$ cat final22.cif   # mmCIF, C-alpha atoms
data_run
#
loop_
_atom_site.label_atom_id
_atom_site.label_comp_id
_atom_site.auth_asym_id
_atom_site.auth_seq_id
_atom_site.Cartn_x
_atom_site.Cartn_y
_atom_site.Cartn_z
CA MET A 1 12.91 15.60 25.19
CA ASP A 2 9.42 14.12 24.72
CA PHE A 3 7.82 12.31 21.87
CA SER A 4 5.23 14.39 20.02
CA SER A 5 2.49 12.81 17.93
CA ARG A 6 0.00 14.04 15.38
CA SER A 7 -2.97 12.09 13.97
CA ILE A 8 -5.11 12.99 10.95
CA TYR A 9 -7.66 11.11 8.87
CA LEU A 10 -6.47 11.03 5.26
CA MET A 11 -6.18 8.53 2.38
CA GLY A 12 -9.07 6.55 3.87
CA THR A 13 -7.23 5.79 7.10
CA THR A 14 -5.96 7.31 10.35
CA ILE A 15 -2.37 8.47 9.96
CA THR A 16 -0.22 8.95 13.06
CA ILE A 17 3.27 10.45 13.06
CA SER A 18 5.37 10.32 16.27
CA ILE A 19 8.77 12.02 16.47
CA LEU A 20 11.43 12.98 18.98
CA HIS A 21 12.73 16.49 18.22
CA PRO A 22 13.06 19.86 20.02
CA GLN A 23 10.91 21.56 17.33
CA ALA A 24 8.50 18.64 17.00
CA ASP A 25 5.32 20.70 16.61
CA SER A 26 6.54 22.81 13.69
CA LEU A 27 8.00 19.70 12.02
CA LEU A 28 4.68 17.88 12.39
CA ASP A 29 2.92 20.87 10.80
CA GLU A 30 5.21 20.45 7.78
CA VAL A 31 4.59 16.69 7.69
CA VAL A 32 0.81 17.23 7.59
CA HIS A 33 1.30 19.70 4.73
CA LEU A 34 3.37 17.05 2.88
CA LEU A 35 0.70 14.39 3.42
CA PHE A 36 -2.01 16.57 1.88
CA LEU A 37 0.33 17.44 -1.00
CA TYR A 38 1.04 13.77 -1.76
CA GLU A 39 -2.60 12.77 -1.51
CA LYS A 40 -3.46 15.48 -4.05
CA ARG A 41 -0.78 14.07 -6.32
CA PHE A 42 -1.52 10.31 -6.09
CA SER A 43 -5.23 9.92 -5.27
CA ALA A 44 -7.46 7.84 -7.56
CA ASN A 45 -10.54 8.99 -5.59
CA ASP A 46 -10.09 12.73 -6.06
CA ASP A 47 -11.21 13.82 -9.50
CA THR A 48 -8.88 16.84 -9.41
CA SER A 49 -5.69 14.97 -8.39
CA GLU A 50 -2.64 14.95 -10.63
CA LEU A 51 -3.01 11.19 -11.17
CA MET A 52 -6.61 11.67 -12.33
CA GLN A 53 -5.45 14.15 -15.00
CA ILE A 54 -3.60 11.20 -16.57
CA ASN A 55 -6.71 9.01 -16.33
CA HIS A 56 -8.96 11.71 -17.82
CA GLN A 57 -6.62 11.97 -20.83
CA ALA A 58 -6.45 8.20 -21.45
CA GLY A 59 -6.43 7.50 -25.17
CA ARG A 60 -6.22 11.24 -25.89
CA GLN A 61 -2.89 12.84 -24.99
CA TRP A 62 0.30 12.78 -22.98
CA VAL A 63 0.28 14.42 -19.54
CA GLN A 64 3.39 15.97 -17.98
CA VAL A 65 3.53 15.16 -14.25
CA HIS A 66 5.61 15.82 -11.13
CA SER A 67 8.77 13.68 -10.97
CA ASP A 68 7.45 11.88 -7.85
CA LEU A 69 4.31 10.75 -9.66
CA PHE A 70 6.31 9.73 -12.72
CA GLU A 71 8.73 7.70 -10.54
CA LEU A 72 5.87 5.91 -8.76
CA ILE A 73 4.05 5.04 -12.00
CA GLU A 74 7.33 3.78 -13.53
CA LEU A 75 7.93 1.60 -10.45
CA GLY A 76 4.33 0.37 -10.50
CA LYS A 77 4.49 -0.53 -14.19
CA GLN A 78 7.73 -2.48 -13.68
CA HIS A 79 6.24 -4.59 -10.87
CA SER A 80 2.91 -4.97 -12.70
CA LEU A 81 4.73 -6.54 -15.66
CA ALA A 82 6.88 -8.84 -13.49
CA GLN A 83 6.27 -12.56 -13.95
CA ASN A 84 3.40 -13.95 -11.82
CA SER A 85 2.84 -10.56 -10.16
CA HIS A 86 -0.58 -9.95 -8.61
CA LEU A 87 0.13 -6.21 -8.58
CA ASN A 88 -1.42 -4.29 -11.47
CA ILE A 89 -1.64 -0.50 -11.37
CA THR A 90 -4.06 -0.42 -14.34
CA ILE A 91 -6.70 -2.12 -12.17
CA GLY A 92 -8.43 1.26 -11.72
CA PRO A 93 -11.60 0.50 -13.77
CA LEU A 94 -12.22 -2.63 -11.68
CA VAL A 95 -11.65 -0.87 -8.33
CA GLN A 96 -14.00 1.95 -9.35
CA THR A 97 -16.67 -0.52 -10.45
CA TRP A 98 -16.69 -2.60 -7.25
CA ARG A 99 -16.11 0.45 -4.95
CA ILE A 100 -15.41 -1.84 -1.95
CA GLY A 101 -14.71 0.32 1.08
CA PHE A 102 -17.07 3.07 -0.12
CA PRO A 103 -20.78 3.55 0.69
CA ASP A 104 -21.81 2.83 -2.93
CA ALA A 105 -20.02 -0.56 -3.13
CA LYS A 106 -21.78 -3.15 -5.28
CA ILE A 107 -21.31 -6.50 -7.02
CA PRO A 108 -20.81 -5.61 -10.69
CA HIS A 109 -22.68 -7.30 -13.53
CA PRO A 110 -20.49 -9.89 -15.36
CA GLU A 111 -20.59 -7.69 -18.50
CA GLU A 112 -19.23 -4.74 -16.50
CA ILE A 113 -16.38 -6.91 -15.20
CA LYS A 114 -15.61 -8.16 -18.71
CA HIS A 115 -15.40 -4.56 -19.94
CA CYS A 116 -13.10 -3.58 -17.04
CA LEU A 117 -10.77 -6.51 -17.75
CA SER A 118 -10.41 -5.35 -21.37
CA LEU A 119 -8.97 -2.04 -20.08
CA ILE A 120 -6.38 -3.57 -17.74
CA ASP A 121 -3.00 -3.60 -19.47
CA PRO A 122 0.15 -2.20 -17.79
CA ALA A 123 2.06 -2.50 -21.08
CA SER A 124 -0.23 0.23 -22.44
CA ILE A 125 1.21 2.77 -19.98
CA LYS A 126 3.60 4.84 -22.11
CA LEU A 127 6.36 6.74 -20.29
CA ASP A 128 8.68 9.52 -21.44
CA SER A 129 11.36 10.05 -18.80
CA ALA A 130 12.90 13.06 -20.58
CA SER A 131 9.74 15.13 -19.99
CA SER A 132 8.22 13.16 -17.05
CA SER A 133 5.16 12.53 -19.20
CA VAL A 134 2.64 9.69 -19.10
CA PHE A 135 0.17 8.46 -21.72
CA LEU A 136 -2.44 5.74 -21.34
CA ALA A 137 -2.81 4.22 -24.79
CA ASN A 138 -6.48 3.19 -24.53
CA LYS A 139 -9.55 5.23 -23.68
CA GLY A 140 -11.13 4.19 -20.39
CA MET A 141 -7.84 3.04 -18.83
CA LYS A 142 -7.29 4.12 -15.23
CA ILE A 143 -4.16 3.92 -13.10
CA ASP A 144 -4.75 3.20 -9.40
CA LEU A 145 -1.71 3.60 -7.14
CA GLY A 146 -3.52 2.42 -4.00
CA ALA A 147 -1.27 -0.64 -3.77
CA LEU A 148 1.96 1.35 -3.43
CA ALA A 149 1.34 5.09 -2.82
CA LYS A 150 1.16 4.93 0.99
CA GLY A 151 4.55 3.21 1.16
CA TYR A 152 6.09 5.75 -1.20
CA ILE A 153 4.63 8.62 0.86
CA ALA A 154 5.91 7.10 4.13
CA ASP A 155 9.42 6.91 2.64
CA LYS A 156 9.23 10.54 1.45
CA VAL A 157 8.04 11.78 4.85
CA MET A 158 10.79 9.79 6.59
CA GLY A 159 13.36 11.29 4.23
CA PHE A 160 12.16 14.76 5.19
CA LEU A 161 12.36 13.95 8.92
CA LYS A 162 15.90 12.55 8.60
CA ASN A 163 16.99 15.73 6.77
CA GLU A 164 15.62 17.74 9.70
CA GLY A 165 17.78 15.80 12.15
CA VAL A 166 15.13 13.48 13.59
CA THR A 167 16.72 10.27 14.91
CA SER A 168 13.68 8.49 16.38
CA ALA A 169 10.27 8.34 14.68
CA LEU A 170 7.27 6.17 13.92
CA ILE A 171 5.05 6.73 10.88
CA ASN A 172 1.79 4.77 10.85
CA LEU A 173 -0.33 5.03 7.72
CA GLY A 174 -2.93 2.43 8.78
CA GLY A 175 -1.46 -1.02 8.04
CA ASN A 176 1.77 0.59 6.93
CA VAL A 177 4.36 1.33 9.63
CA LEU A 178 7.82 2.84 9.11
CA THR A 179 10.32 3.27 11.95
CA LEU A 180 13.46 5.34 12.51
CA GLY A 181 15.94 4.44 15.23
CA ILE A 182 14.75 2.81 18.44
CA ASN A 183 11.81 3.73 20.66
CA GLN A 184 13.52 6.32 22.89
CA VAL A 185 10.85 5.95 25.57
CA SER A 186 11.38 2.20 26.13
CA LYS A 187 15.01 2.29 24.92
CA ARG A 188 14.46 -0.80 22.77
CA PRO A 189 13.25 -1.65 19.24
CA TRP A 190 9.79 -0.54 18.20
CA ARG A 191 7.26 -3.31 18.83
CA ILE A 192 4.91 -3.62 15.87
CA GLY A 193 1.77 -5.69 16.38
CA ILE A 194 0.44 -8.08 13.72
CA GLN A 195 -3.35 -7.95 13.81
CA HIS A 196 -5.29 -11.19 14.41
CA PRO A 197 -7.43 -11.44 11.22
CA LYS A 198 -10.50 -12.77 13.05
CA LEU A 199 -10.49 -10.51 16.11
CA THR A 200 -11.28 -6.82 16.58
CA ARG A 201 -8.59 -4.20 15.92
CA GLY A 202 -5.92 -4.14 18.60
CA ASN A 203 -5.90 -7.91 19.13
CA ASN A 204 -2.46 -8.91 17.90
CA LEU A 205 -1.35 -12.42 17.00
CA ALA A 206 2.36 -11.61 17.06
CA ILE A 207 4.80 -8.77 17.76
CA LEU A 208 7.77 -7.86 15.58
CA PRO A 209 10.72 -5.94 17.11
CA ILE A 210 11.74 -3.41 14.43
CA ILE A 211 14.52 -0.80 14.01
CA ASN A 212 14.90 1.41 10.89
CA GLN A 213 12.51 -0.75 8.88
CA SER A 214 8.99 -0.83 7.49
CA VAL A 215 6.18 -3.25 8.33
CA VAL A 216 3.34 -3.40 5.79
CA THR A 217 0.31 -5.65 6.21
CA SER A 218 -2.45 -6.46 3.72
CA GLY A 219 -5.45 -8.50 4.72
CA ILE A 220 -8.79 -9.68 3.39
CA TYR A 221 -10.46 -8.62 6.67
CA GLU A 222 -9.85 -4.86 6.31
CA ARG A 223 -12.49 -3.73 3.79
CA THR A 224 -15.34 -5.99 2.76
CA LEU A 225 -18.71 -5.93 1.00
CA GLU A 226 -21.47 -8.11 2.49
CA LYS A 227 -24.17 -9.08 -0.04
CA GLN A 228 -26.66 -11.99 -0.17
CA GLY A 229 -24.90 -13.85 2.62
CA GLN A 230 -21.51 -13.60 0.94
CA SER A 231 -18.49 -11.52 1.88
CA TYR A 232 -16.31 -9.90 -0.79
CA HIS A 233 -12.90 -8.48 0.23
CA HIS A 234 -11.18 -5.50 -1.43
CA ILE A 235 -8.09 -7.23 -2.91
CA LEU A 236 -9.19 -7.72 -6.51
CA ASP A 237 -7.73 -10.13 -9.07
CA SER A 238 -6.92 -8.31 -12.31
CA LYS A 239 -7.24 -11.58 -14.25
CA THR A 240 -10.70 -12.70 -13.04
CA GLY A 241 -12.21 -9.35 -12.06
CA TYR A 242 -13.32 -10.73 -8.70
CA PRO A 243 -11.72 -10.69 -5.22
CA VAL A 244 -8.55 -12.81 -5.08
CA GLU A 245 -9.22 -16.43 -4.08
CA THR A 246 -6.72 -17.30 -1.40
CA ASP A 247 -6.10 -19.31 1.77
CA VAL A 248 -4.09 -16.38 3.16
CA ALA A 249 -5.98 -13.99 5.46
CA SER A 250 -3.10 -11.60 6.07
CA LEU A 251 0.37 -10.98 4.65
CA THR A 252 3.05 -8.79 6.24
CA ILE A 253 6.28 -7.71 4.57
CA VAL A 254 9.24 -6.30 6.53
CA SER A 255 11.56 -4.21 4.36
CA ASN A 256 13.95 -1.27 4.47
CA ARG A 257 11.78 0.89 2.21
CA SER A 258 8.07 1.08 2.88
CA VAL A 259 7.22 1.17 -0.82
CA ASP A 260 8.85 -2.27 -1.19
CA GLY A 261 6.60 -3.64 1.54
CA GLU A 262 3.54 -2.27 -0.27
CA ILE A 263 4.67 -3.69 -3.60
CA TRP A 264 5.44 -7.18 -2.31
CA THR A 265 2.30 -7.62 -0.19
CA THR A 266 0.33 -6.98 -3.38
CA ARG A 267 2.60 -8.89 -5.75
CA LEU A 268 2.32 -12.00 -3.58
CA PHE A 269 -1.29 -11.84 -2.37
CA GLY A 270 -3.02 -14.75 -4.08
CA GLU A 271 -0.04 -17.10 -3.91
CA SER A 272 0.07 -20.15 -1.60
CA PRO A 273 2.04 -19.88 1.66
CA ALA A 274 4.78 -22.11 0.19
CA SER A 275 5.05 -19.95 -2.93
CA ILE A 276 5.18 -16.75 -0.85
CA LEU A 277 7.97 -18.09 1.34
CA GLY A 278 9.89 -19.43 -1.65
CA GLN A 279 9.78 -16.11 -3.51
CA VAL A 280 10.62 -13.92 -0.50
CA GLU A 281 13.58 -16.08 0.56
CA LYS A 282 15.09 -15.39 -2.89
CA GLU A 283 14.72 -11.62 -2.52
CA GLU A 284 17.27 -9.57 -0.59
CA GLN A 285 16.24 -7.23 2.22
CA ILE A 286 12.63 -8.35 2.58
CA GLU A 287 11.01 -10.79 5.00
CA ALA A 288 7.44 -12.11 5.17
CA LEU A 289 4.96 -13.26 7.79
CA GLY A 290 1.57 -14.65 6.78
CA ILE A 291 -1.54 -15.92 8.51
CA THR A 292 -3.85 -18.40 6.79
CA LYS A 293 -7.65 -18.38 7.09
CA ASP A 294 -7.38 -21.17 9.67
CA ASN A 295 -4.90 -19.11 11.78
CA GLN A 296 -1.71 -20.95 10.76
CA LEU A 297 1.37 -18.71 10.80
CA PHE A 298 4.20 -18.95 8.31
CA TYR A 299 7.26 -16.72 8.07
CA THR A 300 10.68 -16.41 6.45
CA SER A 301 13.96 -17.36 8.10
CA GLY A 302 15.05 -13.79 8.83
CA LEU A 303 12.17 -13.06 11.23
CA LYS A 304 11.83 -13.83 14.93
CA PRO A 305 8.27 -12.92 15.86
CA GLU A 306 7.02 -12.98 19.45
CA PHE A 307 3.78 -14.97 19.44
CA LEU A 308 0.90 -13.85 21.63
CA PHE A 309 -1.49 -16.78 21.01
#
$ encode --input "final22.cif" --output "structure tokens"
Amino acid sequence: MDFSSRSIYLMGTTITISILHPQADSLLDEVVHLLFLYEKRFSANDDTSELMQINHQAGRQWVQVHSDLFELIELGKQHSLAQNSHLNITIGPLVQTWRIGFPDAKIPHPEEIKHCLSLIDPASIKLDSASSSVFLANKGMKIDLGALAKGYIADKVMGFLKNEGVTSALINLGGNVLTLGINQVSKRPWRIGIQHPKLTRGNNLAILPIINQSVVTSGIYERTLEKQGQSYHHILDSKTGYPVETDVASLTIVSNRSVDGEIWTTRLFGESPASILGQVEKEEQIEALGITKDNQLFYTSGLKPEFLF
């Protein structure tokens, strides 16, 4: 039995799914269908998505949504309100004003940033679990699930594959990798590369051997805006309105669920290496590996990376 792979460009990245299964092609067709379905549900860049219906009705009325979208918003709100969290799913107005990663990216005027900051308030997301309905209390509010949707989608796709009897798979959603079983070609754990922040894609600084886990990496090198001799990265600070000031160039979280990796890379980005390690060591079932701007590596006690440099 051979591995079959499918790659598509979606959600602003190249997505590759590799599975070992006798009916791999038909399963991969279904996976692609699921990916398009989830993007239509969670996208903050598609004006007709289900998420955008909530944003369009901000300050006006409640919107009943699919249970998946409700669950993800509920999870995002909980982690946005957590103490010292850098994750904030109401950061939408700021993201849409900077537009880093899009052709029309710009440095906003300070007044624009001030206005955006006035709209960022996760406590103003009202949730009714009985009807799976969401209401944004203030006009102009916008939810952006970019910090956790890919992880949630990876988990959903993996759940589907497991139900279909797949026992070995790799889901790669560009910076977000989720594995099932071992690599049946090499007969050993999947080897997930950690990108060197200062070198071109494919130059890894370390390798992590992974089985049945997720590896999620966020970095300030991925999407940037170059203006007037300055570089602005895409990880925005919901308190200042500007890109997060940090000594960390890249942060990787290893977890059982991919959505947890997404959540914690964002919750912690902006903390010092010591603070990141201290917080992750207290959490069960997650590990962290970070790289500072001057190429220093730091990682939690549960990891054994293979260093390449």
$ closest_residue --input "final22.cif" --among "A:Ser118, A:Asn45, A:Ser132, A:Gln184" --to "Glu74 of chain A" --atoms "all atoms listed in the file"
A:Ser132
$ closest_atom_pairs --input "final22.cif" --of "segment 189-287 of chain A" --to "segment 141-160 of chain A" --cutoff "9 Å" --atoms "only C-alpha atoms" --output "JSON lines"
{"residue": "A:Ser214", "atom": "CA", "partner": "A:Gly151", "partner_atom": "CA", "distance": 8.7}
{"residue": "A:Val216", "atom": "CA", "partner": "A:Gly151", "partner_atom": "CA", "distance": 8.2}
{"residue": "A:Arg257", "atom": "CA", "partner": "A:Asp155", "partner_atom": "CA", "distance": 6.5}
{"residue": "A:Ser258", "atom": "CA", "partner": "A:Gly151", "partner_atom": "CA", "distance": 4.5}
{"residue": "A:Val259", "atom": "CA", "partner": "A:Gly151", "partner_atom": "CA", "distance": 3.9}
{"residue": "A:Asp260", "atom": "CA", "partner": "A:Gly151", "partner_atom": "CA", "distance": 7.4}
{"residue": "A:Gly261", "atom": "CA", "partner": "A:Gly151", "partner_atom": "CA", "distance": 7.2}
{"residue": "A:Glu262", "atom": "CA", "partner": "A:Leu148", "partner_atom": "CA", "distance": 5.1}
{"residue": "A:Ile263", "atom": "CA", "partner": "A:Leu148", "partner_atom": "CA", "distance": 5.7}
{"residue": "A:Thr265", "atom": "CA", "partner": "A:Ala147", "partner_atom": "CA", "distance": 8.6}
{"residue": "A:Thr266", "atom": "CA", "partner": "A:Ala147", "partner_atom": "CA", "distance": 6.6}
$ resolve_selection --input "final22.cif" --expression "the PyMOL selection byres ((chain A and resi 301) around 9)" --output "PDB file with C-alpha atoms, in the frame of the given file"
ATOM      1  CA  GLU A 281      13.580 -16.080   0.560  1.00  0.00           C
ATOM      2  CA  GLU A 287      11.010 -10.790   5.000  1.00  0.00           C
ATOM      3  CA  ALA A 288       7.440 -12.110   5.170  1.00  0.00           C
ATOM      4  CA  TYR A 299       7.260 -16.720   8.070  1.00  0.00           C
ATOM      5  CA  THR A 300      10.680 -16.410   6.450  1.00  0.00           C
ATOM      6  CA  GLY A 302      15.050 -13.790   8.830  1.00  0.00           C
ATOM      7  CA  LEU A 303      12.170 -13.060  11.230  1.00  0.00           C
ATOM      8  CA  LYS A 304      11.830 -13.830  14.930  1.00  0.00           C
TER       9      LYS A 304
END
$ closest_residue --input "final22.cif" --among "A:Ala123, A:Gly229, A:Arg188, A:Gly175" --to "Ala82 of chain A" --atoms "all atoms listed in the file"
A:Ala123
$ closest_residue --input "final22.cif" --among "A:Phe36, A:Trp98, A:Phe307, A:Phe135" --to "Ile192 of chain A" --atoms "only C-alpha atoms"
A:Phe307
$ residues_around --input "final22.cif" --residues "Pro243 of chain A" --least-positions-apart "3" --cutoff "9 Å" --atoms "only C-alpha atoms" --output "count of residues only"
8
$ atom_distance --input "final22.cif" --atom1 "atom CA of Ile291 of chain A" --atom2 "atom CA of Pro273 of chain A"
8.7 Å
$ closest_residue --input "final22.cif" --among "A:Pro209, A:Gly59, A:Pro110, A:Gly202" --to "Asn183 of chain A" --atoms "only C-alpha atoms"
A:Pro209
$ resolve_selection --input "final22.cif" --expression "the PyMOL selection byres ((chain A and resi 24-31) around 10)" --output "short mmCIF file (atom, residue, chain, number, x, y, z; two decimals) with C-alpha atoms, keeping the file's coordinate frame"
data_model
loop_
_atom_site.label_atom_id
_atom_site.label_comp_id
_atom_site.auth_asym_id
_atom_site.auth_seq_id
_atom_site.Cartn_x
_atom_site.Cartn_y
_atom_site.Cartn_z
CA MET A 1 12.91 15.60 25.19
CA ASP A 2 9.42 14.12 24.72
CA PHE A 3 7.82 12.31 21.87
CA SER A 4 5.23 14.39 20.02
CA SER A 5 2.49 12.81 17.93
CA ARG A 6 0.00 14.04 15.38
CA SER A 7 -2.97 12.09 13.97
CA ILE A 17 3.27 10.45 13.06
CA SER A 18 5.37 10.32 16.27
CA ILE A 19 8.77 12.02 16.47
CA LEU A 20 11.43 12.98 18.98
CA HIS A 21 12.73 16.49 18.22
CA PRO A 22 13.06 19.86 20.02
CA GLN A 23 10.91 21.56 17.33
CA VAL A 32 0.81 17.23 7.59
CA HIS A 33 1.30 19.70 4.73
CA LEU A 34 3.37 17.05 2.88
CA LEU A 35 0.70 14.39 3.42
CA PHE A 36 -2.01 16.57 1.88
CA LEU A 37 0.33 17.44 -1.00
CA LYS A 156 9.23 10.54 1.45
CA VAL A 157 8.04 11.78 4.85
CA MET A 158 10.79 9.79 6.59
CA PHE A 160 12.16 14.76 5.19
CA LEU A 161 12.36 13.95 8.92
CA GLU A 164 15.62 17.74 9.70
CA VAL A 166 15.13 13.48 13.59
#
$ closest_residue --input "final22.cif" --among "A:Val248, A:Arg99, A:Gly174, A:Asp294" --to "Ser275 of chain A" --atoms "all atoms listed in the file"
A:Val248
$ closest_residue --input "final22.cif" --among "A:Val185, A:Leu268, A:Leu180, A:Leu208" --to "His79 of chain A" --atoms "only C-alpha atoms"
A:Leu268
$ atom_distance --input "final22.cif" --atom1 "atom CA of Gly181 of chain A" --atom2 "atom CA of Val254 of chain A"
15.4 Å
$ resolve_selection --input "final22.cif" --expression "the PyMOL selection byres ((chain A and resi 11) around 9)" --output "ChimeraX atom specification"
/A:9-10,12-15,39,43,150,173
$ atom_distance --input "final22.cif" --atom1 "atom CA of Gly219 of chain A" --atom2 "atom CA of Leu251 of chain A"
6.3 Å
$ residues_near_point --input "final22.cif" --point "(-13.9, -1.7, -21.9)" --cutoff "10 Å" --atoms "only C-alpha atoms" --output "ChimeraX atom specification"
/A:93,111-120,138-141
$ write_last_selection --input "final22.cif" --atoms "C-alpha atoms" --output "PDB file, in the coordinates of the input"
ATOM      1  CA  PRO A  93     -11.600   0.500 -13.770  1.00  0.00           C
ATOM      2  CA  GLU A 111     -20.590  -7.690 -18.500  1.00  0.00           C
ATOM      3  CA  GLU A 112     -19.230  -4.740 -16.500  1.00  0.00           C
ATOM      4  CA  ILE A 113     -16.380  -6.910 -15.200  1.00  0.00           C
ATOM      5  CA  LYS A 114     -15.610  -8.160 -18.710  1.00  0.00           C
ATOM      6  CA  HIS A 115     -15.400  -4.560 -19.940  1.00  0.00           C
ATOM      7  CA  CYS A 116     -13.100  -3.580 -17.040  1.00  0.00           C
ATOM      8  CA  LEU A 117     -10.770  -6.510 -17.750  1.00  0.00           C
ATOM      9  CA  SER A 118     -10.410  -5.350 -21.370  1.00  0.00           C
ATOM     10  CA  LEU A 119      -8.970  -2.040 -20.080  1.00  0.00           C
ATOM     11  CA  ILE A 120      -6.380  -3.570 -17.740  1.00  0.00           C
ATOM     12  CA  ASN A 138      -6.480   3.190 -24.530  1.00  0.00           C
ATOM     13  CA  LYS A 139      -9.550   5.230 -23.680  1.00  0.00           C
ATOM     14  CA  GLY A 140     -11.130   4.190 -20.390  1.00  0.00           C
ATOM     15  CA  MET A 141      -7.840   3.040 -18.830  1.00  0.00           C
TER      16      MET A 141
END
$ residues_near_point --input "final22.cif" --point "(-2.2, -12.6, -6.5)" --cutoff "8 Å" --atoms "all atoms listed in the file" --output "VMD selection string"
chain A and resid 84 to 87 237 244 266 to 271
